[in-house]
Each structure stands twice: as C-alpha cells, then as structure tokens.
>>> print(open('coords19.txt').read())   # compact mmCIF, C-alpha atoms and all ligand atoms
# COMPACT_ATOMS: atom_id res chain seq x y z
CA MET J 1 103.51 106.58 98.32
CA PHE J 2 101.29 103.53 98.05
CA VAL J 3 99.64 103.74 94.64
CA VAL J 4 96.98 101.36 93.33
CA VAL J 5 96.65 101.26 89.55
CA GLY J 6 93.37 99.78 88.31
CA VAL J 7 93.40 98.64 84.69
CA SER J 8 90.26 97.87 82.70
CA GLY J 9 89.79 96.22 79.33
CA GLY J 10 90.84 98.59 76.60
CA ILE J 11 93.67 98.58 74.07
CA ALA J 12 95.26 101.49 75.93
CA ALA J 13 96.19 99.06 78.74
CA TYR J 14 99.58 98.68 77.03
CA LYS J 15 100.27 102.37 77.73
CA THR J 16 99.54 101.80 81.43
CA VAL J 17 102.59 99.51 81.58
CA GLN J 18 104.69 102.63 81.02
CA LEU J 19 102.73 104.53 83.68
CA VAL J 20 103.37 101.77 86.25
CA ARG J 21 107.06 101.69 85.36
CA ALA J 22 107.31 105.46 85.78
CA LEU J 23 105.59 105.32 89.19
CA VAL J 24 107.94 102.55 90.37
CA THR J 25 110.98 104.44 89.06
CA ASN J 26 109.76 107.48 91.00
CA GLY J 27 110.03 105.44 94.22
CA HIS J 28 106.36 104.57 94.71
CA GLU J 29 104.99 101.24 95.85
CA VAL J 30 102.61 100.26 93.08
CA HIS J 31 99.95 97.55 93.19
CA VAL J 32 98.15 96.81 89.92
CA ILE J 33 94.54 95.56 89.95
CA PRO J 34 93.41 94.56 86.48
CA THR J 35 89.87 93.51 85.57
CA ASP J 36 89.47 90.09 83.98
CA ASP J 37 88.95 91.81 80.62
CA ALA J 38 92.11 93.88 81.07
CA LEU J 39 94.10 90.64 81.24
CA ARG J 40 92.96 89.86 77.69
CA PHE J 41 94.98 92.90 76.59
CA VAL J 42 98.03 92.78 78.91
CA GLY J 43 98.73 89.69 81.05
CA THR J 44 99.47 89.11 84.71
CA ALA J 45 103.18 88.42 84.11
CA THR J 46 103.72 91.91 82.68
CA TRP J 47 101.87 93.63 85.55
CA GLU J 48 103.73 91.59 88.18
CA ALA J 49 107.10 92.25 86.55
CA VAL J 50 106.63 96.00 86.19
CA SER J 51 104.97 96.56 89.59
CA ARG J 52 107.11 93.97 91.43
CA HIS J 53 104.05 92.76 93.33
CA PRO J 54 101.66 89.86 92.88
CA VAL J 55 98.59 90.67 90.83
CA THR J 56 95.08 89.28 91.03
CA THR J 57 91.66 90.30 89.78
CA SER J 58 89.71 88.40 92.40
CA VAL J 59 88.59 89.09 95.94
CA HIS J 60 89.09 85.41 96.72
CA ASP J 61 92.89 85.36 96.46
CA ASP J 62 95.01 86.15 99.52
CA VAL J 63 91.92 86.12 101.72
CA ALA J 64 94.08 85.78 104.85
CA GLU J 65 95.61 89.19 104.07
CA VAL J 66 92.12 90.70 103.63
CA ARG J 67 93.44 91.93 100.31
CA HIS J 68 89.99 93.02 99.16
CA VAL J 69 90.07 95.91 101.62
CA ALA J 70 93.79 96.11 102.40
CA LEU J 71 94.83 97.65 99.09
CA GLY J 72 92.09 100.29 99.22
CA THR J 73 92.73 101.26 102.82
CA GLN J 74 96.51 101.44 102.36
CA ALA J 75 96.37 103.40 99.13
CA ASP J 76 97.51 107.00 99.09
CA LEU J 77 96.19 107.27 95.56
CA VAL J 78 94.14 105.13 93.15
CA ILE J 79 94.49 105.53 89.38
CA VAL J 80 92.22 103.74 86.89
CA ALA J 81 93.84 103.71 83.46
CA PRO J 82 92.41 102.95 81.04
CA ALA J 83 88.94 103.44 82.50
CA THR J 84 86.52 101.73 80.11
CA ALA J 85 82.91 102.84 79.69
CA ASN J 86 81.95 99.67 81.51
CA THR J 87 84.26 100.28 84.49
CA LEU J 88 83.14 103.92 84.76
CA ALA J 89 79.51 102.73 84.84
CA ARG J 90 80.34 100.15 87.48
CA MET J 91 82.14 102.79 89.56
CA ALA J 92 79.17 105.13 89.32
CA ALA J 93 76.87 102.31 90.48
CA GLY J 94 79.24 101.15 93.24
CA ILE J 95 79.47 97.61 91.89
CA ALA J 96 81.97 95.53 93.84
CA ASP J 97 82.11 92.05 92.29
CA ASN J 98 85.82 92.17 91.47
CA LEU J 99 88.94 93.31 93.34
CA LEU J 100 89.06 96.68 91.56
CA GLY J 101 85.41 97.46 92.41
CA VAL J 102 85.88 96.54 96.07
CA THR J 103 89.12 98.53 96.31
CA LEU J 104 87.44 101.61 94.87
CA LEU J 105 84.72 101.38 97.53
CA ALA J 106 87.17 100.67 100.35
CA THR J 107 89.49 103.57 99.66
CA THR J 108 89.34 107.12 100.97
CA ALA J 109 92.37 108.11 98.86
CA PRO J 110 92.05 110.43 95.86
CA VAL J 111 90.92 108.58 92.72
CA LEU J 112 92.07 109.56 89.23
CA VAL J 113 90.47 108.00 86.15
CA ALA J 114 91.83 108.13 82.61
CA PRO J 115 88.90 107.22 80.34
CA ALA J 116 89.59 105.60 76.98
CA MET J 117 86.95 104.48 74.52
CA HIS J 118 85.49 105.04 71.09
CA THR J 119 84.07 108.57 70.63
CA ALA J 120 80.51 107.28 70.32
CA MET J 121 80.81 105.50 73.67
CA TRP J 122 82.38 108.58 75.25
CA GLU J 123 79.63 110.83 73.99
CA HIS J 124 76.77 108.52 74.96
CA ALA J 125 74.40 109.99 77.55
CA ALA J 126 75.00 107.04 79.87
CA THR J 127 78.77 107.67 79.95
CA ARG J 128 78.22 111.44 80.35
CA ASP J 129 75.88 110.84 83.31
CA ASN J 130 78.32 108.41 84.91
CA LEU J 131 81.13 110.96 84.63
CA THR J 132 78.92 113.63 86.19
CA THR J 133 78.16 111.29 89.11
CA LEU J 134 81.82 110.40 89.60
CA ARG J 135 82.99 114.03 89.40
CA ALA J 136 80.35 115.01 91.97
CA ARG J 137 81.85 112.38 94.30
CA GLY J 138 85.30 113.94 93.94
CA VAL J 139 86.78 111.55 91.37
CA HIS J 140 89.43 113.30 89.26
CA VAL J 141 89.31 112.80 85.49
CA ILE J 142 92.14 113.18 82.99
CA GLY J 143 91.37 113.12 79.27
CA PRO J 144 90.41 111.56 77.07
CA ALA J 145 92.42 113.23 74.33
CA ASP J 146 91.19 113.92 70.82
CA GLY J 147 93.02 112.02 68.11
CA PRO J 148 93.25 108.84 66.03
CA LEU J 149 91.46 105.86 67.59
CA THR J 150 92.25 102.15 67.25
CA GLY J 151 89.44 101.53 64.77
CA GLY J 152 91.01 103.93 62.25
CA ASP J 153 88.65 106.86 62.90
CA SER J 154 89.44 109.91 64.97
CA GLY J 155 87.83 111.92 67.79
CA PRO J 156 87.77 112.28 71.58
CA GLY J 157 88.39 108.93 73.27
CA ARG J 158 92.18 108.34 73.29
CA MET J 159 93.61 107.72 76.73
CA SER J 160 95.91 110.51 77.91
CA GLU J 161 99.62 109.77 77.59
CA PRO J 162 101.35 108.05 80.56
CA ASP J 163 103.48 111.12 81.40
CA GLU J 164 100.35 113.31 81.52
CA ILE J 165 98.59 110.81 83.81
CA LEU J 166 101.72 110.63 85.98
CA ALA J 167 101.85 114.43 86.34
CA ALA J 168 98.14 114.59 87.21
CA ALA J 169 98.59 111.76 89.73
CA LEU J 170 101.58 113.36 91.45
CA ALA J 171 99.64 116.62 91.73
CA LEU J 172 97.04 114.76 93.81
CA LEU J 173 99.55 113.53 96.38
CA PRO J 174 100.15 115.63 99.51
CA ALA J 175 102.81 118.31 98.93
CA GLY J 176 106.34 117.08 99.61
CA ASP J 177 105.27 113.44 99.53
CA ALA J 178 105.10 113.06 95.80
CA THR J 179 108.39 111.24 95.45
CA ALA J 180 110.25 111.14 98.75
CA HIS J 181 108.07 109.36 101.29
CA ARG J 182 108.68 105.74 100.47
CA THR J 183 112.44 105.96 100.22
CA ASP J 184 113.04 107.56 103.60
CA LEU J 185 114.95 104.52 104.95
CA GLU J 186 117.34 104.31 102.00
CA GLY J 187 120.91 103.50 102.99
CA MET J 188 119.90 102.14 106.40
CA THR J 189 120.30 98.60 107.69
CA VAL J 190 117.63 97.33 110.06
CA ALA J 191 117.30 94.12 112.07
CA VAL J 192 113.82 92.73 112.71
CA SER J 193 112.77 89.62 114.62
CA THR J 194 109.45 87.90 114.09
CA GLY J 195 107.48 84.79 114.97
CA GLY J 196 107.44 82.84 118.19
CA THR J 197 110.24 80.79 119.72
CA ARG J 198 109.83 77.15 120.68
CA GLU J 199 111.52 75.66 123.72
CA PRO J 200 111.91 71.88 123.52
CA ILE J 201 110.53 69.66 126.28
CA ASP J 202 111.48 66.36 124.71
CA PRO J 203 112.18 65.25 121.10
CA VAL J 204 108.52 65.74 120.09
CA ARG J 205 107.13 68.51 122.33
CA PHE J 206 107.82 72.14 122.93
CA LEU J 207 106.67 75.22 124.81
CA GLY J 208 105.49 77.77 122.25
CA ASN J 209 103.18 80.71 121.73
CA ARG J 210 100.54 81.84 119.26
CA SER J 211 102.59 84.42 117.33
CA SER J 212 102.13 84.00 113.55
CA GLY J 213 104.98 86.33 112.58
CA ARG J 214 102.71 88.47 110.37
CA GLN J 215 103.38 91.74 112.15
CA GLY J 216 107.16 91.30 112.01
CA ALA J 217 107.03 90.23 108.36
CA ALA J 218 105.06 93.42 107.62
CA VAL J 219 107.61 95.53 109.54
CA ALA J 220 110.44 93.96 107.53
CA LEU J 221 108.71 94.38 104.18
CA ALA J 222 107.72 97.98 104.89
CA ALA J 223 111.33 98.82 105.77
CA ALA J 224 112.64 97.16 102.60
CA GLU J 225 110.11 98.95 100.43
CA ARG J 226 111.10 102.24 102.03
CA GLY J 227 114.71 101.58 101.01
CA ALA J 228 116.33 99.80 103.97
CA HIS J 229 118.42 96.65 103.86
CA VAL J 230 116.67 94.24 106.24
CA ARG J 231 117.96 91.31 108.27
CA LEU J 232 114.88 89.38 109.34
CA VAL J 233 115.26 86.76 112.05
CA ALA J 234 112.20 84.49 111.90
CA ALA J 235 111.16 81.93 114.50
CA HIS J 236 108.60 79.43 113.21
CA VAL J 237 106.87 81.59 110.64
CA ASP J 238 104.89 79.93 107.84
CA GLU J 239 106.37 80.20 104.36
CA GLY J 240 103.20 81.95 103.15
CA VAL J 241 103.50 84.69 105.78
CA LEU J 242 107.10 85.35 104.74
CA ALA J 243 106.49 84.99 100.98
CA GLU J 244 106.54 88.69 100.07
CA ALA J 245 109.52 89.43 102.32
CA LEU J 246 111.43 86.46 100.89
CA ARG J 247 110.90 87.79 97.36
CA HIS J 248 112.20 91.25 98.22
CA PRO J 249 115.83 91.68 97.15
CA ARG J 250 116.70 93.75 100.23
CA VAL J 251 115.41 91.25 102.81
CA GLU J 252 117.75 88.56 104.18
CA VAL J 253 115.92 85.93 106.24
CA GLU J 254 117.51 83.78 108.93
CA ARG J 255 115.41 81.08 110.57
CA VAL J 256 115.78 80.22 114.24
CA SER J 257 113.90 78.08 116.73
CA THR J 258 114.68 78.72 120.41
CA ALA J 259 115.04 81.93 122.41
CA ALA J 260 118.79 81.31 122.68
CA GLU J 261 119.12 80.99 118.88
CA LEU J 262 117.04 84.12 118.34
CA ASP J 263 119.15 85.99 120.88
CA ALA J 264 122.38 85.06 119.10
CA ALA J 265 121.00 85.85 115.63
CA MET J 266 119.62 89.22 116.70
CA ARG J 267 122.85 90.24 118.44
CA ASP J 268 124.71 89.47 115.24
CA ALA J 269 122.17 91.32 113.05
CA ALA J 270 121.96 94.29 115.42
CA ALA J 271 125.73 94.77 115.43
CA GLY J 272 125.56 96.20 111.91
CA SER J 273 122.13 97.86 112.09
CA ASP J 274 120.86 101.41 112.49
CA VAL J 275 117.50 100.28 113.84
CA VAL J 276 116.53 97.09 115.68
CA VAL J 277 112.90 96.03 115.98
CA MET J 278 112.06 93.11 118.26
CA VAL J 279 108.64 91.90 117.16
CA ALA J 280 109.13 88.19 117.93
CA ALA J 281 107.34 86.63 120.89
CA VAL J 282 110.21 85.12 122.83
CA ALA J 283 109.56 82.48 125.46
CA ASP J 284 110.39 83.84 128.92
CA PHE J 285 111.15 80.37 130.20
CA ARG J 286 112.62 77.14 128.93
CA VAL J 287 112.62 73.66 130.37
CA ALA J 288 115.59 73.26 132.73
CA GLU J 289 116.47 69.84 131.43
CA VAL J 290 115.29 68.74 127.99
CA SER J 291 114.50 65.03 127.98
CA THR J 292 116.44 63.15 125.33
CA GLU J 293 113.62 60.62 125.16
CA LYS J 294 109.93 61.14 124.68
CA ILE J 295 108.26 61.57 128.07
CA ARG J 296 105.69 58.80 128.46
CA LYS J 297 102.67 58.95 130.69
CA GLU J 298 103.19 55.31 131.61
CA ASP J 299 106.45 56.31 133.34
CA GLY J 300 104.75 58.82 135.66
CA ASP J 301 102.29 58.77 138.52
CA GLY J 302 99.53 60.78 136.85
CA SER J 303 101.22 64.18 137.03
CA LEU J 304 104.32 65.78 135.51
CA THR J 305 106.39 68.65 136.88
CA LEU J 306 108.72 70.44 134.48
CA PRO J 307 111.11 72.84 136.22
CA LEU J 308 111.60 75.96 134.03
CA VAL J 309 114.49 78.41 133.98
CA GLN J 310 114.37 81.96 132.70
CA ASN J 311 115.60 82.71 129.18
CA PRO J 312 117.92 85.63 128.43
CA ASP J 313 116.03 88.91 127.97
CA VAL J 314 116.80 89.51 124.28
CA LEU J 315 115.59 93.12 124.15
CA ALA J 316 117.52 94.10 127.30
CA GLY J 317 120.63 92.43 125.87
CA LEU J 318 120.32 94.39 122.62
CA VAL J 319 119.89 97.63 124.61
CA ALA J 320 123.02 96.84 126.65
CA ALA J 321 125.00 96.35 123.41
CA ARG J 322 123.47 99.37 121.62
CA ARG J 323 125.68 101.15 119.08
CA PRO J 324 125.83 104.94 119.26
CA GLY J 325 122.76 106.41 117.57
CA GLN J 326 121.07 103.05 117.14
CA VAL J 327 117.28 103.07 117.65
CA ILE J 328 115.87 100.03 119.46
CA VAL J 329 112.18 99.23 119.22
CA GLY J 330 110.34 96.65 121.32
CA PHE J 331 106.87 95.17 121.08
CA ALA J 332 104.82 94.44 124.17
CA ALA J 333 101.85 92.15 123.80
CA GLU J 334 99.75 92.78 126.89
CA THR J 335 96.38 91.68 128.14
CA ALA J 336 94.92 94.98 129.32
CA ALA J 337 91.39 96.09 130.11
CA ASP J 338 91.65 99.39 128.22
CA ASP J 339 94.09 101.79 126.51
CA ASP J 340 95.09 103.47 129.80
CA GLU J 341 96.12 100.19 131.33
CA LEU J 342 97.92 99.24 128.10
CA ARG J 343 99.73 102.60 128.05
CA ASN J 344 100.79 102.28 131.71
CA ARG J 345 102.07 98.76 131.29
CA GLY J 346 103.85 99.81 128.08
CA ARG J 347 105.50 102.84 129.70
CA ARG J 348 106.74 100.71 132.61
CA LYS J 349 108.14 98.11 130.21
CA LEU J 350 109.79 100.78 128.05
CA ALA J 351 111.54 102.23 131.12
CA ARG J 352 112.52 98.80 132.44
CA LYS J 353 114.02 97.68 129.12
CA GLY J 354 115.66 100.96 128.16
CA ALA J 355 114.39 100.79 124.55
CA ASP J 356 113.76 103.93 122.49
CA LEU J 357 110.29 103.02 121.30
CA LEU J 358 107.74 100.45 122.36
CA ALA J 359 104.74 99.31 120.37
CA ALA J 360 102.21 98.18 122.96
CA ASN J 361 99.40 96.02 121.64
CA ARG J 362 96.52 94.45 123.39
CA VAL J 363 96.26 90.69 122.94
CA GLY J 364 93.43 88.36 123.82
CA ALA J 365 90.52 86.78 122.03
CA GLY J 366 90.67 87.95 118.41
CA LEU J 367 93.24 90.66 119.12
CA GLY J 368 96.89 90.82 118.09
CA PHE J 369 98.20 87.27 117.57
CA GLU J 370 97.00 85.46 114.46
CA ALA J 371 94.63 88.29 113.54
CA ASP J 372 94.97 90.26 110.28
CA ASP J 373 94.59 93.65 111.88
CA ASN J 374 96.38 95.17 114.81
CA ALA J 375 96.17 98.26 116.99
CA VAL J 376 99.16 99.62 118.87
CA ILE J 377 100.20 102.57 120.96
CA LEU J 378 103.70 103.67 119.94
CA LEU J 379 105.40 104.97 123.08
CA ALA J 380 108.70 106.84 122.69
CA ALA J 381 111.24 107.17 125.51
CA ASP J 382 111.15 110.96 125.10
CA GLY J 383 107.49 110.95 126.23
CA THR J 384 105.80 111.31 122.83
CA GLU J 385 103.30 108.79 121.58
CA ALA J 386 101.24 107.89 118.54
CA THR J 387 98.54 105.34 117.88
CA ALA J 388 98.22 103.12 114.83
CA SER J 389 95.58 100.64 113.78
CA GLY J 390 94.46 98.78 110.70
CA THR J 391 96.26 96.12 108.73
CA LYS J 392 99.55 94.89 110.10
CA ARG J 393 101.20 96.62 107.13
CA ALA J 394 99.57 99.94 108.07
CA VAL J 395 100.83 99.49 111.64
CA ALA J 396 104.30 98.66 110.27
CA ASP J 397 104.37 101.89 108.24
CA ALA J 398 103.24 103.89 111.28
CA LEU J 399 106.07 102.29 113.25
CA TRP J 400 108.66 103.36 110.66
CA ASP J 401 107.12 106.85 110.63
CA ALA J 402 107.62 106.95 114.43
CA VAL J 403 111.23 105.74 114.07
CA ALA J 404 111.92 108.36 111.38
CA SER J 405 110.46 111.15 113.49
CA LEU J 406 112.43 109.99 116.57
CA ARG J 407 115.65 110.08 114.54
CA ALA J 408 114.72 113.53 113.21
CA ARG J 409 114.05 114.83 116.77
CA ARG J 410 117.44 113.50 117.87
CA ARG J 411 119.19 115.26 115.01
CA GLY J 412 117.45 118.42 116.30
C1 LIG F 1 89.78 95.03 70.98
C2 LIG F 1 88.88 95.68 72.00
C3 LIG F 1 89.13 96.95 72.42
C4 LIG F 1 88.31 97.56 73.35
N1 LIG F 1 88.59 98.82 73.74
C5 LIG F 1 87.77 99.44 74.63
C6 LIG F 1 88.05 100.75 75.04
O1 LIG F 1 89.05 101.37 74.68
N2 LIG F 1 87.19 101.35 75.91
C7 LIG F 1 86.08 100.71 76.36
O2 LIG F 1 85.33 101.32 77.13
N3 LIG F 1 85.81 99.44 76.02
C8 LIG F 1 86.62 98.79 75.14
N4 LIG F 1 86.35 97.50 74.77
C9 LIG F 1 85.20 96.83 75.35
C10 LIG F 1 85.52 96.36 76.76
O3 LIG F 1 86.61 95.47 76.74
C11 LIG F 1 84.30 95.67 77.39
O4 LIG F 1 83.27 96.63 77.59
C12 LIG F 1 84.63 94.98 78.70
O5 LIG F 1 83.45 94.38 79.21
C13 LIG F 1 85.20 95.94 79.72
O6 LIG F 1 85.36 95.26 80.95
P1 LIG F 1 86.09 95.94 82.18
O7 LIG F 1 85.61 97.33 82.26
O8 LIG F 1 85.66 95.09 83.35
O9 LIG F 1 87.55 95.81 81.93
C14 LIG F 1 87.19 96.87 73.87
C15 LIG F 1 86.95 95.57 73.45
C16 LIG F 1 87.78 94.96 72.53
C17 LIG F 1 87.50 93.54 72.13
>>> encode(input="coords19.txt", output="structure tokens")
Amino acid sequence: MFVVVGVSGGIAAYKTVQLVRALVTNGHEVHVIPTDDALRFVGTATWEAVSRHPVTTSVHDDVAEVRHVALGTQADLVIVAPATANTLARMAAGIADNLLGVTLLATTAPVLVAPAMHTAMWEHAATRDNLTTLRARGVHVIGPADGPLTGGDSGPGRMSEPDEILAAALALLPAGDATAHRTDLEGMTVAVSTGGTREPIDPVRFLGNRSSGRQGAAVALAAAERGAHVRLVAAHVDEGVLAEALRHPRVEVERVSTAAELDAAMRDAAAGSDVVVMVAAVADFRVAEVSTEKIRKEDGDGSLTLPLVQNPDVLAGLVAARRPGQVIVGFAAETAADDDELRNRGRRKLARKGADLLAANRVGAGLGFEADDNAVILLAADGTEATASGTKRAVADALWDAVASLRARRRG
C-alpha cells in the first residue's frame, strides 16, 4: 500500500521513525511529509533513509511531478504522527500552505492522526473543538495515552506507541491488502522501454518525437517497488525523469539512441523476463542514408528530399520471440476524437501486433506526451478492459494490476 506519513513538530517525532521503519518492513511504500517544525526534531536525512524516498516540506519542490497533489491522490492511507495541536488546528481549518496541508486536502484515503502534546494543550477547548470537527469528517484518532510527559509532569498527551499506531493503520486498509499488495511482483523480472528514439539525419540532426519517458519511468519504478527486478531500456530520457528509478536497487538502466539499438536491447532484456512492457515511442522510419557530413542549405536548390526506410517493428519482434507464459504489453499513442475511436484503434493494433495487453492513450495538445497526467484504456487480448487515469504513476500501478489479473486469469 502507498502510505503517507505526516510528521509535525513534537518530541514524539523520534518515535515515528520506528513507525515508518515498521511500515517499510511490512512491504508498504512510505512517503514522509514533515512540517518545517518537525525537521527541528528529526531531520530530512533520517526520514529519507528510513522511508527510502526523497522528503520535502514544500509544495514548490518537484513541481514537474505535481507532488503537491500526487502524494495525496496516490495514498491508500495517510497517518499524521505526531499530530501537534497546531497541525490539528490547521487540519480542522483546511489550511494548505505546506506540503502536508495540501496532501491532506488532496487525499480521499483514510486519515489517522496520533495527537501528542502537553495535557493542558490537549484539554484546551480549541483542541477539543478541532478534534470534534476532524472526527465528524471521518478522521480516525489514536491516543493520546496517559503517562509521563517530556516536561516531567504526567497526564493525557503522550503519543501512542508506534506498534499501536501501526495496528490501527493496518486496520484501516482494505481487507487482504494490509501487507500483500505492494509485493505482488516479487521474484519476477520485467523489461520496460521508455523515452523516444532518435534517427540520425546527419552528424547534428535527427528525426525524433516528443516522448519524455515519464510514463515508462513510472512503469519501471512501480514494478520495482512491487518487488520485481526491472531492466529499463531508456531512449533519450532526462536524468531528472529517471532519478527515482536510477536510485532503486532493483532497476537496471540501459541507455540507447536509435530504434535499432532499442530493438536489440529489448530483445536481450526480454529473453530473461516474465513481462515485457514497450512504453518507448519508437520511430517508424529512419533516413535511408545518413549523411556523414552536415547537410548545408548552400549545397541544395531550396528543397531537400530525405528518403526514409521503415524501422523494425520492435513490439512485433518481441511477440514473435515470446517465451512461454511471458506477458507482452504495448502502448499505443493515438490521436483519436473520443474513447470509442481510441478503443477501436487500440483493439485493431492489439490484434495486429499479437500482444497480450495494450495501453491505448490519446495524444495531442496537452495530452499524453510531456504531460504529468495520463489517461489510458487497458485492452487485454482476452476481451477484458480497464481504464486508468491520473498521475503517470497511478496509470503505471493500474497497468501492473491489469498484468497481475491477466496472469491470474491464465492460471485459472
Ligand atoms: C521542545 C518542544 C516540544 C514540543 N512538543 C510539542 C508537542 O508534543 N505537541 C505540540 O502540539 N506542540 C509541541 N511543541 C510546539 C510545536 O512545535 C509548535 O506549536 C509548532 O508551531 C508546531 O508546528 P507544526 O504543527 O507545523 O509542526 C513543541 C515545541 C518544542 C520547542
């Protein structure tokens, strides 16, 4: 499960380190969002090391990934521990001037708060009213416990122990999903291609496309986080787009440039893989004869004709070499007027290529390429289909869900 842990500025933040560790050990993907004050108690390095993800307090970091809403929309559960009197008040008022506040407004996942504060603060009418408001909105509350407080006195206000918070959190997850969901690809090897190939025209020019590689990077990272070993073949993808995948210990990245290089790398990767996902935008054509010298306009008569020849069809080649039981997934970026047209084009392509699953996405102004969000129809060769939309990571997870259910249907 995708768990967001918000941390606000109380001494008990040190106990939340144990909670995050326990969630990670249980197989969950954990993203920590501290407040600025929380970082005065436990620093970024600790949160990043225990959660294994980058940590920020601000809505202005990672803007390209729309992080300020992405974490909230992807979350299956949000925990705030410790929840200070201040953060509870801000939640009750819907204040969203930091990443935690925005995430709490953007999420529809269950929210669990573990208040921690001095007894006088806990018993103040303002805090009581804020808790009443939050409970009425469906926020779950654990603790605080009664016992010795940091100041030397004693009373209600101690944050509940990490194992109690963990148990309460797991009880909020859908039955059966509490521990298993995010490790469902464990033991599998998958090959993923991403980016866009470039076909040289001369030493300085190429034929390319607008693929950023974000969707394929998200597919690779999602697979790795769900337990798979991933071979990612990347054609012209910015370092920043690949950063998270590059950091993951189960992702091996190979960089390629042309369609022919991508074809060779994917054949090699696919030979040892259980699932192959072709996300890369591969050039259909290349220049028949690449000029060894820069083509100069002075040498021509005002026009230039470049004969093109067709590139190998990478997806069809992978299908032809398919290992028994291997699942092959293609992506089809189509300009279509509506979902029906997209579905029809996708179905025809799926049949033509012989893949097991095709993610058809509409491209055009502001859609698909270079955008942060995506929307696809996942068409399976056995006639079933699913739709997925949202962040490219959410689409990636829906794709792996579709692969897992296809494999389950095959096993009967
Ligand atoms: C040493 C120390 C311990 C604190 N412990 C708590 C606490 O347990 N609970 C609380 O509500 N506030 C506590 N505070 C006060 C909060 O840090 C303060 O209200 C802060 O503005 C909270 O910001 P945040 O909710 O954005 O993290 C503490 C302050 C200090 C200096």
>>> residues_near_ligand(input="coords19.txt", ligand="ligand LIG 1 (chain F)", cutoff="6 Å", atoms="only C-alpha atoms and all ligand atoms", output="list in words")
Ser8, Gly9, Gly10, Ile11, Thr35, Asp37, Ala38, Thr84, Ala85, Asn86, Thr87, Ala116 and Met117 of chain J
>>> closest_residue(input="coords19.txt", among="J:Ala320, J:Val251, J:Ala220, J:Val5", to="J:Ala271", atoms="all atoms listed in the file")
J:Ala320
>>> closest_residue(input="coords19.txt", among="J:Leu315, J:Arg393, J:Val237, J:Leu207", to="J:Arg267", atoms="all atoms listed in the file")
J:Leu315
>>> residues_around(input="coords19.txt", residues="J:Asp397", least_positions_apart="6", cutoff="12 Å", atoms="only C-alpha atoms", output="JSON, numbers by chain")
{"J": [1, 2, 74, 181, 182, 184, 185, 215, 216, 217, 218, 219, 220, 221, 222, 223, 224, 225, 226, 378, 387, 388, 389, 390, 391, 403, 404]}
>>> atom_distance(input="coords19.txt", atom1="atom CA of J:Met278", atom2="atom CA of J:Phe331")
6.3 Å
>>> residues_near_point(input="coords19.txt", point="(110.5, 105.9, 85.9)", cutoff="12 Å", atoms="only C-alpha atoms", output="JSON, numbers by chain")
{"J": [17, 18, 19, 20, 21, 22, 23, 24, 25, 26, 27, 28, 50, 51, 162, 163, 166, 179]}
>>> atom_distance(input="coords19.txt", atom1="atom CA of J:Thr197", atom2="atom CA of J:Val277")
15.9 Å
>>> closest_residue(input="coords19.txt", among="J:Asp401, J:Leu357, J:Val102, J:Ala136", to="J:Thr183", atoms="all atoms listed in the file")
J:Asp401
>>> atom_distance(input="coords19.txt", atom1="atom CA of J:Leu399", atom2="atom CA of J:Val275")
11.6 Å
>>> closest_residue(input="coords19.txt", among="J:Val309, J:Leu131, J:Ala49, J:Ala168", to="J:Ala93", atoms="all atoms listed in the file")
J:Leu131
>>> closest_residue(input="coords19.txt", among="J:Asn361, J:Thr150, J:Ser273, J:Asn209", to="J:Thr119", atoms="only C-alpha atoms")
J:Thr150
>>> closest_residue(input="coords19.txt", among="J:Leu112, J:Met121, J:Val30, J:Ala283", to="J:Ile165", atoms="all atoms listed in the file")
J:Leu112
>>> residues_near_point(input="coords19.txt", point="(88.6, 109.0, 93.2)", cutoff="7 Å", atoms="all atoms listed in the file", output="number ranges by chain")
J: 78, 109-112, 138-140
